[in-house]
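Student: What follows is data-v1.csv, CSV, C-alpha atoms.
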```csv
chain,number,residue,atom,x,y,z
O,1,MET,CA,-34.0,-93.0,-92.2
O,2,ILE,CA,-30.3,-92.3,-92.1
O,3,ILE,CA,-30.6,-89.3,-89.7
O,4,GLY,CA,-32.6,-91.3,-87.2
O,5,GLU,CA,-30.0,-94.1,-87.4
O,6,LEU,CA,-27.2,-91.5,-86.8
O,7,PHE,CA,-29.1,-90.3,-83.7
O,8,THR,CA,-29.4,-93.8,-82.4
O,9,ALA,CA,-25.9,-94.8,-83.2
O,10,ALA,CA,-24.5,-91.7,-81.5
O,11,PHE,CA,-26.1,-92.3,-78.2
O,12,LEU,CA,-23.5,-94.6,-76.6
O,13,PRO,CA,-20.5,-92.7,-78.0
O,14,GLY,CA,-21.9,-89.4,-76.8
O,15,PHE,CA,-22.6,-90.9,-73.4
O,16,MET,CA,-19.1,-92.3,-73.3
O,17,LEU,CA,-17.6,-88.9,-74.0
O,18,ALA,CA,-19.7,-87.3,-71.4
O,19,MET,CA,-18.5,-89.9,-68.8
O,20,PHE,CA,-14.9,-89.1,-69.8
O,21,TYR,CA,-15.6,-85.5,-68.9
O,22,VAL,CA,-17.3,-86.5,-65.6
O,23,VAL,CA,-14.4,-88.8,-64.5
O,24,TYR,CA,-11.8,-86.2,-65.4
O,25,ILE,CA,-13.6,-83.4,-63.5
O,26,LEU,CA,-14.1,-85.6,-60.5
O,27,ALA,CA,-10.5,-86.7,-60.5
O,28,ARG,CA,-9.2,-83.2,-60.9
O,29,ALA,CA,-11.4,-82.0,-58.1
O,30,TYR,CA,-10.2,-84.8,-55.8
O,31,LEU,CA,-6.5,-84.6,-56.7
O,32,THR,CA,-6.2,-80.7,-56.9
O,33,PRO,CA,-9.0,-79.4,-54.7
O,34,HIS,CA,-7.5,-75.9,-54.7
O,35,VAL,CA,-8.6,-75.4,-58.3
O,36,VAL,CA,-12.3,-76.1,-57.6
O,37,PRO,CA,-14.6,-73.3,-56.5
O,38,LYS,CA,-15.6,-73.6,-52.8
O,39,VAL,CA,-19.1,-74.9,-52.1
O,40,ASP,CA,-21.5,-72.4,-50.7
O,41,PRO,CA,-22.3,-73.7,-47.2
O,42,THR,CA,-25.6,-71.7,-47.1
O,43,PRO,CA,-28.5,-74.3,-47.3
O,44,ILE,CA,-31.1,-73.8,-50.0
O,45,PRO,CA,-34.6,-73.6,-48.6
O,46,ARG,CA,-37.0,-76.4,-49.6
O,47,ASP,CA,-39.4,-74.0,-51.3
O,48,GLU,CA,-36.6,-72.7,-53.4
O,49,LYS,CA,-35.5,-76.2,-54.5
O,50,ILE,CA,-39.1,-77.0,-55.5
O,51,ARG,CA,-39.3,-73.7,-57.4
O,52,LEU,CA,-36.1,-74.5,-59.3
O,53,LEU,CA,-37.3,-78.1,-60.0
O,54,LYS,CA,-40.6,-76.8,-61.4
O,55,GLY,CA,-38.6,-74.5,-63.7
O,56,LEU,CA,-36.8,-77.5,-65.1
O,57,ALA,CA,-39.8,-79.7,-65.6
O,58,LEU,CA,-41.1,-78.2,-68.9
O,59,PRO,CA,-37.6,-78.0,-70.7
O,60,VAL,CA,-36.8,-81.6,-69.6
O,61,LEU,CA,-40.2,-82.8,-70.8
O,62,VAL,CA,-39.7,-81.2,-74.2
O,63,VAL,CA,-36.2,-82.8,-74.6
O,64,PHE,CA,-37.7,-86.2,-73.5
O,65,VAL,CA,-40.5,-86.0,-76.0
O,66,VAL,CA,-38.3,-84.9,-78.9
O,67,LEU,CA,-35.5,-87.4,-78.3
O,68,GLY,CA,-38.0,-90.1,-77.3
O,69,SER,CA,-39.9,-89.7,-80.6
O,70,ILE,CA,-36.7,-90.0,-82.6
O,71,TYR,CA,-35.2,-93.0,-80.7
O,72,GLY,CA,-38.6,-94.7,-80.5
O,73,GLY,CA,-39.1,-94.4,-84.3
O,74,ILE,CA,-42.4,-92.5,-83.8
O,75,ALA,CA,-41.2,-89.4,-85.7
O,76,SER,CA,-38.5,-88.4,-88.1
O,77,VAL,CA,-35.9,-85.9,-87.1
O,78,THR,CA,-37.7,-83.1,-89.1
O,79,GLU,CA,-41.1,-84.0,-87.5
O,80,ALA,CA,-39.4,-84.2,-84.0
O,81,SER,CA,-37.9,-80.8,-84.5
O,82,ALA,CA,-41.4,-79.4,-85.2
O,83,ILE,CA,-42.7,-81.1,-82.1
O,84,GLY,CA,-39.8,-79.5,-80.2
O,85,VAL,CA,-40.6,-76.0,-81.5
O,86,GLY,CA,-44.3,-76.5,-80.5
O,87,GLY,CA,-43.3,-77.7,-77.1
O,88,VAL,CA,-40.9,-74.8,-76.5
O,89,LEU,CA,-43.6,-72.3,-77.6
O,90,LEU,CA,-46.1,-73.9,-75.3
O,91,SER,CA,-43.7,-74.0,-72.3
O,92,THR,CA,-42.9,-70.3,-72.8
O,93,MET,CA,-46.6,-69.5,-72.8
O,94,LEU,CA,-47.2,-71.5,-69.6
O,95,ARG,CA,-44.3,-69.8,-67.9
O,96,GLY,CA,-45.6,-66.4,-68.9
O,97,GLU,CA,-42.4,-65.6,-70.9
O,98,PHE,CA,-43.9,-65.6,-74.4
O,99,SER,CA,-43.8,-62.3,-76.4
O,100,TYR,CA,-43.8,-61.2,-80.0
O,101,ALA,CA,-40.3,-59.8,-79.5
O,102,LEU,CA,-39.1,-63.2,-78.3
O,103,LEU,CA,-40.7,-65.0,-81.3
O,104,ARG,CA,-39.3,-62.4,-83.7
O,105,ASP,CA,-35.8,-62.6,-82.4
O,106,ALA,CA,-35.8,-66.5,-82.4
O,107,ALA,CA,-37.1,-66.4,-86.0
O,108,MET,CA,-34.4,-63.9,-87.1
O,109,GLN,CA,-31.6,-65.9,-85.5
O,110,THR,CA,-32.9,-69.1,-87.1
O,111,LEU,CA,-33.1,-67.4,-90.5
O,112,ALA,CA,-29.6,-66.1,-90.1
O,113,THR,CA,-28.3,-69.6,-89.2
O,114,VAL,CA,-30.2,-71.3,-92.0
O,115,GLY,CA,-29.1,-68.7,-94.5
O,116,MET,CA,-25.5,-69.2,-93.5
O,117,ILE,CA,-25.8,-73.0,-93.9
O,118,VAL,CA,-27.5,-72.7,-97.2
O,119,TRP,CA,-24.9,-70.4,-98.7
O,120,ILE,CA,-22.1,-72.6,-97.3
O,121,GLY,CA,-23.9,-75.5,-98.9
O,122,ILE,CA,-24.1,-73.7,-102.3
O,123,GLY,CA,-20.4,-72.8,-102.2
O,124,ALA,CA,-19.4,-76.3,-101.1
O,125,THR,CA,-21.6,-77.9,-103.8
O,126,ALA,CA,-20.1,-75.6,-106.4
O,127,ILE,CA,-16.5,-76.5,-105.3
O,128,VAL,CA,-17.2,-80.2,-105.3
O,129,GLY,CA,-18.9,-79.9,-108.7
O,130,VAL,CA,-15.8,-78.3,-110.1
O,131,TYR,CA,-13.7,-80.9,-108.5
O,132,ASN,CA,-15.8,-83.6,-110.1
O,133,LEU,CA,-15.5,-82.0,-113.6
O,134,MET,CA,-11.7,-81.7,-113.2
O,135,GLY,CA,-11.3,-85.2,-111.7
O,136,GLY,CA,-10.3,-83.8,-108.4
O,137,VAL,CA,-12.5,-86.0,-106.3
O,138,ASN,CA,-11.2,-89.1,-107.9
O,139,PHE,CA,-7.6,-87.8,-107.5
O,140,VAL,CA,-8.1,-87.1,-103.8
O,141,SER,CA,-9.9,-90.4,-103.3
O,142,GLY,CA,-7.1,-92.3,-105.0
O,143,MET,CA,-4.5,-90.4,-103.0
O,144,ILE,CA,-6.2,-91.3,-99.7
O,145,THR,CA,-6.8,-94.9,-100.5
O,146,GLY,CA,-3.2,-95.2,-101.8
O,147,VAL,CA,-1.8,-94.4,-98.4
O,148,SER,CA,-2.2,-97.9,-97.2
O,149,ASP,CA,-4.0,-101.2,-97.8
O,150,ASN,CA,-5.2,-101.2,-94.2
O,151,PRO,CA,-8.7,-99.6,-93.9
O,152,THR,CA,-8.0,-98.5,-90.3
O,153,VAL,CA,-4.9,-96.5,-91.5
O,154,ILE,CA,-7.1,-94.8,-94.2
O,155,VAL,CA,-9.7,-93.9,-91.6
O,156,LEU,CA,-6.9,-92.4,-89.4
O,157,VAL,CA,-5.7,-90.3,-92.3
O,158,MET,CA,-9.3,-89.0,-92.8
O,159,MET,CA,-9.4,-88.2,-89.1
O,160,VAL,CA,-6.2,-86.2,-89.3
O,161,ILE,CA,-7.5,-84.3,-92.3
O,162,LEU,CA,-10.7,-83.5,-90.4
O,163,PHE,CA,-8.8,-82.5,-87.3
O,164,VAL,CA,-6.6,-80.0,-89.3
O,165,LEU,CA,-9.6,-78.6,-91.2
O,166,GLY,CA,-11.5,-78.3,-87.9
O,167,ALA,CA,-8.9,-75.9,-86.5
O,168,PHE,CA,-9.7,-73.4,-89.3
O,169,LEU,CA,-13.2,-74.0,-90.8
O,170,ASP,CA,-16.8,-74.3,-89.6
O,171,TRP,CA,-17.9,-77.9,-89.2
O,172,VAL,CA,-20.8,-77.4,-91.7
O,173,GLY,CA,-18.4,-76.4,-94.4
O,174,ILE,CA,-16.1,-79.3,-93.5
O,175,ALA,CA,-19.0,-81.8,-93.8
O,176,LEU,CA,-20.1,-80.4,-97.2
O,177,LEU,CA,-16.5,-80.4,-98.5
O,178,THR,CA,-15.3,-83.7,-97.3
O,179,MET,CA,-18.3,-86.1,-97.0
O,180,PRO,CA,-18.8,-86.4,-100.8
O,181,ILE,CA,-15.2,-87.6,-101.0
O,182,PHE,CA,-14.9,-89.6,-97.8
O,183,VAL,CA,-18.2,-91.5,-97.7
O,184,PRO,CA,-17.7,-93.3,-101.1
O,185,ILE,CA,-14.3,-94.4,-99.8
O,186,ILE,CA,-15.8,-95.7,-96.6
O,187,LYS,CA,-18.4,-97.6,-98.6
O,188,SER,CA,-15.8,-99.1,-101.0
O,189,LEU,CA,-13.9,-100.3,-97.9
O,190,GLY,CA,-17.0,-102.2,-96.7
O,191,MET,CA,-17.4,-100.0,-93.6
O,192,ASP,CA,-20.6,-98.7,-92.2
O,193,PRO,CA,-21.3,-95.1,-93.3
O,194,VAL,CA,-23.5,-94.5,-90.2
O,195,TRP,CA,-20.6,-95.4,-88.0
O,196,PHE,CA,-18.4,-93.1,-90.0
O,197,GLY,CA,-21.0,-90.3,-89.6
O,198,VAL,CA,-20.8,-90.7,-85.8
O,199,LEU,CA,-17.0,-90.7,-86.0
O,200,PHE,CA,-17.1,-87.5,-88.0
O,201,CYS,CA,-19.3,-85.9,-85.4
O,202,MET,CA,-17.0,-87.0,-82.6
O,203,ASN,CA,-14.0,-85.5,-84.5
O,204,MET,CA,-15.9,-82.3,-85.1
O,205,GLN,CA,-16.4,-81.9,-81.3
O,206,ILE,CA,-12.6,-81.3,-81.2
O,207,SER,CA,-13.0,-78.4,-83.6
O,208,PHE,CA,-15.1,-76.5,-81.1
O,209,LEU,CA,-12.1,-76.4,-78.7
O,210,SER,CA,-9.0,-76.6,-80.8
O,211,PRO,CA,-7.0,-73.4,-81.4
O,212,PRO,CA,-6.7,-71.0,-83.1
O,213,PHE,CA,-10.4,-70.7,-84.0
O,214,GLY,CA,-12.1,-72.9,-81.4
O,215,PRO,CA,-15.5,-71.2,-81.1
O,216,ALA,CA,-16.1,-72.6,-77.6
O,217,ALA,CA,-13.0,-70.7,-76.3
O,218,PHE,CA,-14.3,-67.4,-77.7
O,219,TYR,CA,-17.8,-68.1,-76.1
O,220,LEU,CA,-16.1,-68.6,-72.8
O,221,LYS,CA,-13.9,-65.5,-73.2
O,222,SER,CA,-17.1,-63.4,-73.8
O,223,VAL,CA,-18.5,-64.3,-70.4
O,224,ALA,CA,-15.2,-64.8,-68.4
O,225,PRO,CA,-13.8,-62.2,-66.0
O,226,PRO,CA,-11.3,-59.7,-67.6
O,227,GLY,CA,-8.3,-61.4,-66.1
O,228,ILE,CA,-9.0,-64.7,-68.0
O,229,THR,CA,-7.2,-64.5,-71.3
O,230,LEU,CA,-7.7,-66.7,-74.4
O,231,GLY,CA,-4.3,-68.3,-73.7
O,232,ILE,CA,-5.5,-69.4,-70.2
O,233,ILE,CA,-8.8,-70.8,-71.7
O,234,PHE,CA,-7.0,-72.7,-74.5
O,235,LYS,CA,-4.6,-74.2,-72.0
O,236,ALA,CA,-7.5,-75.3,-69.8
O,237,LEU,CA,-9.1,-76.9,-72.8
O,238,VAL,CA,-6.1,-79.2,-73.6
O,239,PRO,CA,-7.3,-82.1,-71.3
O,240,PHE,CA,-10.7,-82.0,-72.9
O,241,ILE,CA,-9.2,-82.1,-76.4
O,242,LEU,CA,-7.2,-85.1,-75.4
O,243,LEU,CA,-10.3,-86.8,-74.0
O,244,GLN,CA,-12.1,-86.2,-77.3
O,245,MET,CA,-9.2,-87.7,-79.2
O,246,LEU,CA,-9.3,-90.7,-76.9
O,247,ALA,CA,-13.0,-91.1,-77.6
O,248,VAL,CA,-12.4,-91.0,-81.4
O,249,GLY,CA,-9.6,-93.6,-81.0
O,250,ILE,CA,-11.8,-95.9,-79.0
O,251,LEU,CA,-14.7,-95.5,-81.5
O,252,ILE,CA,-12.3,-96.4,-84.4
O,253,ALA,CA,-10.9,-99.4,-82.4
O,254,PHE,CA,-14.4,-100.6,-81.3
O,255,PRO,CA,-17.0,-99.6,-83.9
O,256,GLY,CA,-19.5,-101.8,-82.2
O,257,ILE,CA,-20.0,-99.1,-79.6
O,258,THR,CA,-22.5,-97.5,-82.1
O,259,GLY,CA,-24.6,-100.7,-81.9
O,260,ARG,CA,-24.2,-101.2,-85.6
```
The structure given in the file should be rewritten as structure tokens.
Tutor:
Amino acid sequence: MIIGELFTAAFLPGFMLAMFYVVYILARAYLTPHVVPKVDPTPIPRDEKIRLLKGLALPVLVVFVVLGSIYGGIASVTEASAIGVGGVLLSTMLRGEFSYALLRDAAMQTLATVGMIVWIGIGATAIVGVYNLMGGVNFVSGMITGVSDNPTVIVLVMMVILFVLGAFLDWVGIALLTMPIFVPIIKSLGMDPVWFGVLFCMNMQISFLSPPFGPAAFYLKSVAPPGITLGIIFKALVPFILLQMLAVGILIAFPGITGR
């Protein structure tokens, strides 16, 4: 149950990274209060607070059930995802928001995403297959392992490769291209592949922010006021990229954080 193990092992590293964000935002708000939006002094009526809390109840319950079933070992990730879909459908019905158009749009978006991943997987598998036939995988593995006799240095080299690839490629393609090469090396070094999987995910978090193709920056640009340029957004993302790098470094230095 490798996927379930990855979910369990990723809990503390993910929580650690979230706390880094919280501490940074609080420190920035305290040290430079002029950059923080002013708090609306208008009190929110109690009835409005209750209404908002009721709106959060069902989504939070679905998340709790899905993650709880995975971490509790009750269901596999695939089974838990089916439970999540059923829970979301039920919650939309109870909230009176369910419609055929909503179901169709969700299905089409899911189909587009799955189709993209499948074709990336086919292409990556073909490339890795050609590499294997030509001895490329063995060549790359030998080149990486030949960098140093220190396993930590080898892992750092892998992280640099992933960081560079993350600036230009989608994380799914990176995983399909690099994992067939990196995981056997990790196993040969006597390291835990589940720990390395969490480390890979932490590294890929940087790719969502790193220029020039950080998708999160473009998502923000699509909803930001006209005066906010991509340059401003990327500049604001630098501290978060550094925090993510710090989290990757800590996870390399202290692999026990994953509980493995």
Student: Find the residue from O:Phe163, O:Tyr21, O:Phe98, O:Trp195 that sits nearest to Ile252 of chain O; use all atoms listed in the file when measuring.
Tutor: O:Trp195
Student: If you count only C-alpha atoms, which residues fall within 10 Å of Gly166 of chain O, apart from same-chain ones fewer than 2 positions away, as an mmCIF file with C-alpha atoms, in the coordinates of the input?
Tutor:
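Once written, selection11.cif looks like this:
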```
data_model
loop_
_atom_site.group_PDB
_atom_site.id
_atom_site.type_symbol
_atom_site.label_atom_id
_atom_site.label_comp_id
_atom_site.auth_asym_id
_atom_site.auth_seq_id
_atom_site.Cartn_x
_atom_site.Cartn_y
_atom_site.Cartn_z
ATOM 1 C CA VAL O 160 -6.200 -86.200 -89.300
ATOM 2 C CA ILE O 161 -7.500 -84.300 -92.300
ATOM 3 C CA LEU O 162 -10.700 -83.500 -90.400
ATOM 4 C CA PHE O 163 -8.800 -82.500 -87.300
ATOM 5 C CA VAL O 164 -6.600 -80.000 -89.300
ATOM 6 C CA PHE O 168 -9.700 -73.400 -89.300
ATOM 7 C CA LEU O 169 -13.200 -74.000 -90.800
ATOM 8 C CA ASP O 170 -16.800 -74.300 -89.600
ATOM 9 C CA TRP O 171 -17.900 -77.900 -89.200
ATOM 10 C CA GLY O 173 -18.400 -76.400 -94.400
ATOM 11 C CA ILE O 174 -16.100 -79.300 -93.500
ATOM 12 C CA ASN O 203 -14.000 -85.500 -84.500
ATOM 13 C CA MET O 204 -15.900 -82.300 -85.100
ATOM 14 C CA GLN O 205 -16.400 -81.900 -81.300
ATOM 15 C CA ILE O 206 -12.600 -81.300 -81.200
ATOM 16 C CA SER O 207 -13.000 -78.400 -83.600
ATOM 17 C CA PHE O 208 -15.100 -76.500 -81.100
ATOM 18 C CA LEU O 209 -12.100 -76.400 -78.700
ATOM 19 C CA SER O 210 -9.000 -76.600 -80.800
ATOM 20 C CA PRO O 211 -7.000 -73.400 -81.400
ATOM 21 C CA PRO O 212 -6.700 -71.000 -83.100
ATOM 22 C CA PHE O 213 -10.400 -70.700 -84.000
ATOM 23 C CA GLY O 214 -12.100 -72.900 -81.400
#
```
Student: I'd like to know which of O:Tyr30, O:Ile127, O:Ile233, O:Leu199 is closest to Val248 of chain O, using all atoms listed in the file.
Tutor: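 Closest to Val248 of chain O of all the choices is O:Leu199.
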Student: Compare O:Pro215, O:Gly68, O:Gly4, O:Gly197 by their minimum atom-to-atom distance to Leu237 of chain O, counting all atoms listed in the file, and give me the closest one.
Tutor: O:Pro215
Student: Fewer than 4 positions away in the same chain doesn't count, so skip those; otherwise give me all residues within 10 Å of segment 146-153 of chain O, counting all atoms listed in the file, as a ChimeraX atom specification.
Tutor: /O:140-142,157-159,185-186,189-191,252-253
Student: Counting all atoms listed in the file, what is within 12 Å of segment 72-74 of chain O, bar same-chain residues fewer than 4 positions away, as a list of chain:residue names?
Tutor: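 My list of contacting residues is O:Met1, O:Ile2, O:Ile3, O:Gly4, O:Glu5, O:Phe7, O:Thr8, O:Phe64, O:Val65, O:Val66, O:Leu67, O:Gly68, O:Thr78, O:Glu79, O:Ala80, O:Ile83.
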Student: Would you list the contacts of Ser99 of chain O as a list of chain:residue names, taking every protein, DNA or RNA residue within 12 Å and counting all atoms listed in the file, but skipping same-chain residues closer than 6 positions in sequence?
Tutor: O:Leu89, O:Leu90, O:Thr92, O:Met93, O:Asp105, O:Ala106
Student: Using only C-alpha atoms, which of the listed residues (O:Leu230, O:Val172, O:Ala75, O:Leu17) sits closest to Ile122 of chain O?
Tutor: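 When distances to Ile122 of chain O are compared using only C-alpha atoms, the smallest one comes from O:Val172.
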Student: One decimal, Å: what's the distance from atom CA of Ile257 of chain O over to atom CA of Ile241 of chain O, could you say?
Tutor: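 These two atoms are separated by 20.4 Å.
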Student: For atom CA of Ile144 of chain O and atom CA of Leu177 of chain O, quote the distance in Å rounded to one decimal.
Tutor: 15.0 Å
Student: To one decimal in Å, tell me the separation between atom CA of Thr258 of chain O and atom CA of Leu12 of chain O.
Tutor: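 Pair atom CA of Thr258 of chain O / atom CA of Leu12 of chain O returns 6.3 Å.
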Student: Reconstruct segment 131-153 of chain O at the level of N, CA and C atoms, and format the result as a short mmCIF file (atom, residue, chain, number, x, y, z; two decimals), keeping the file's coordinate frame.
Tutor:
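This went into out_4.cif:
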```
data_model
loop_
_atom_site.label_atom_id
_atom_site.label_comp_id
_atom_site.auth_asym_id
_atom_site.auth_seq_id
_atom_site.Cartn_x
_atom_site.Cartn_y
_atom_site.Cartn_z
N TYR O 131 -14.58 -79.84 -108.72
CA TYR O 131 -13.70 -80.90 -108.50
C TYR O 131 -14.03 -82.17 -109.31
N ASN O 132 -15.33 -82.46 -109.33
CA ASN O 132 -15.80 -83.60 -110.10
C ASN O 132 -15.48 -83.46 -111.59
N LEU O 133 -15.76 -82.27 -112.13
CA LEU O 133 -15.50 -82.00 -113.60
C LEU O 133 -14.04 -82.13 -113.90
N MET O 134 -13.19 -81.72 -112.97
CA MET O 134 -11.70 -81.70 -113.20
C MET O 134 -11.09 -83.05 -112.77
N GLY O 135 -11.90 -83.96 -112.20
CA GLY O 135 -11.30 -85.20 -111.70
C GLY O 135 -10.67 -85.11 -110.37
N GLY O 136 -10.92 -84.00 -109.67
CA GLY O 136 -10.30 -83.80 -108.40
C GLY O 136 -10.71 -84.75 -107.31
N VAL O 137 -12.02 -85.07 -107.30
CA VAL O 137 -12.50 -86.00 -106.30
C VAL O 137 -11.88 -87.37 -106.44
N ASN O 138 -11.79 -87.83 -107.68
CA ASN O 138 -11.20 -89.10 -107.90
C ASN O 138 -9.68 -89.08 -107.55
N PHE O 139 -9.03 -87.93 -107.82
CA PHE O 139 -7.60 -87.80 -107.50
C PHE O 139 -7.42 -87.87 -105.96
N VAL O 140 -8.24 -87.09 -105.22
CA VAL O 140 -8.10 -87.10 -103.80
C VAL O 140 -8.46 -88.47 -103.19
N SER O 141 -9.51 -89.10 -103.73
CA SER O 141 -9.90 -90.40 -103.30
C SER O 141 -8.76 -91.42 -103.49
N GLY O 142 -8.17 -91.37 -104.70
CA GLY O 142 -7.10 -92.30 -105.00
C GLY O 142 -5.85 -92.01 -104.12
N MET O 143 -5.61 -90.72 -103.80
CA MET O 143 -4.50 -90.40 -103.00
C MET O 143 -4.68 -90.92 -101.54
N ILE O 144 -5.91 -90.79 -101.01
CA ILE O 144 -6.20 -91.30 -99.70
C ILE O 144 -6.13 -92.78 -99.59
N THR O 145 -6.79 -93.44 -100.54
CA THR O 145 -6.80 -94.90 -100.50
C THR O 145 -5.44 -95.49 -100.85
N GLY O 146 -4.59 -94.69 -101.50
CA GLY O 146 -3.20 -95.20 -101.80
C GLY O 146 -2.27 -95.09 -100.68
N VAL O 147 -2.69 -94.49 -99.59
CA VAL O 147 -1.80 -94.40 -98.40
C VAL O 147 -1.46 -95.72 -97.86
N SER O 148 -2.45 -96.61 -97.79
CA SER O 148 -2.20 -97.90 -97.20
C SER O 148 -3.33 -98.88 -97.66
N ASP O 149 -3.03 -100.17 -97.54
CA ASP O 149 -4.00 -101.20 -97.80
C ASP O 149 -4.88 -101.49 -96.59
N ASN O 150 -4.47 -100.94 -95.46
CA ASN O 150 -5.20 -101.20 -94.20
C ASN O 150 -6.31 -100.15 -94.07
N PRO O 151 -7.58 -100.59 -94.00
CA PRO O 151 -8.70 -99.60 -93.90
C PRO O 151 -8.60 -98.74 -92.66
N THR O 152 -8.07 -99.27 -91.55
CA THR O 152 -8.00 -98.50 -90.30
C THR O 152 -7.00 -97.30 -90.53
N VAL O 153 -5.91 -97.54 -91.25
CA VAL O 153 -4.90 -96.50 -91.50
C VAL O 153 -5.60 -95.39 -92.38
#
```
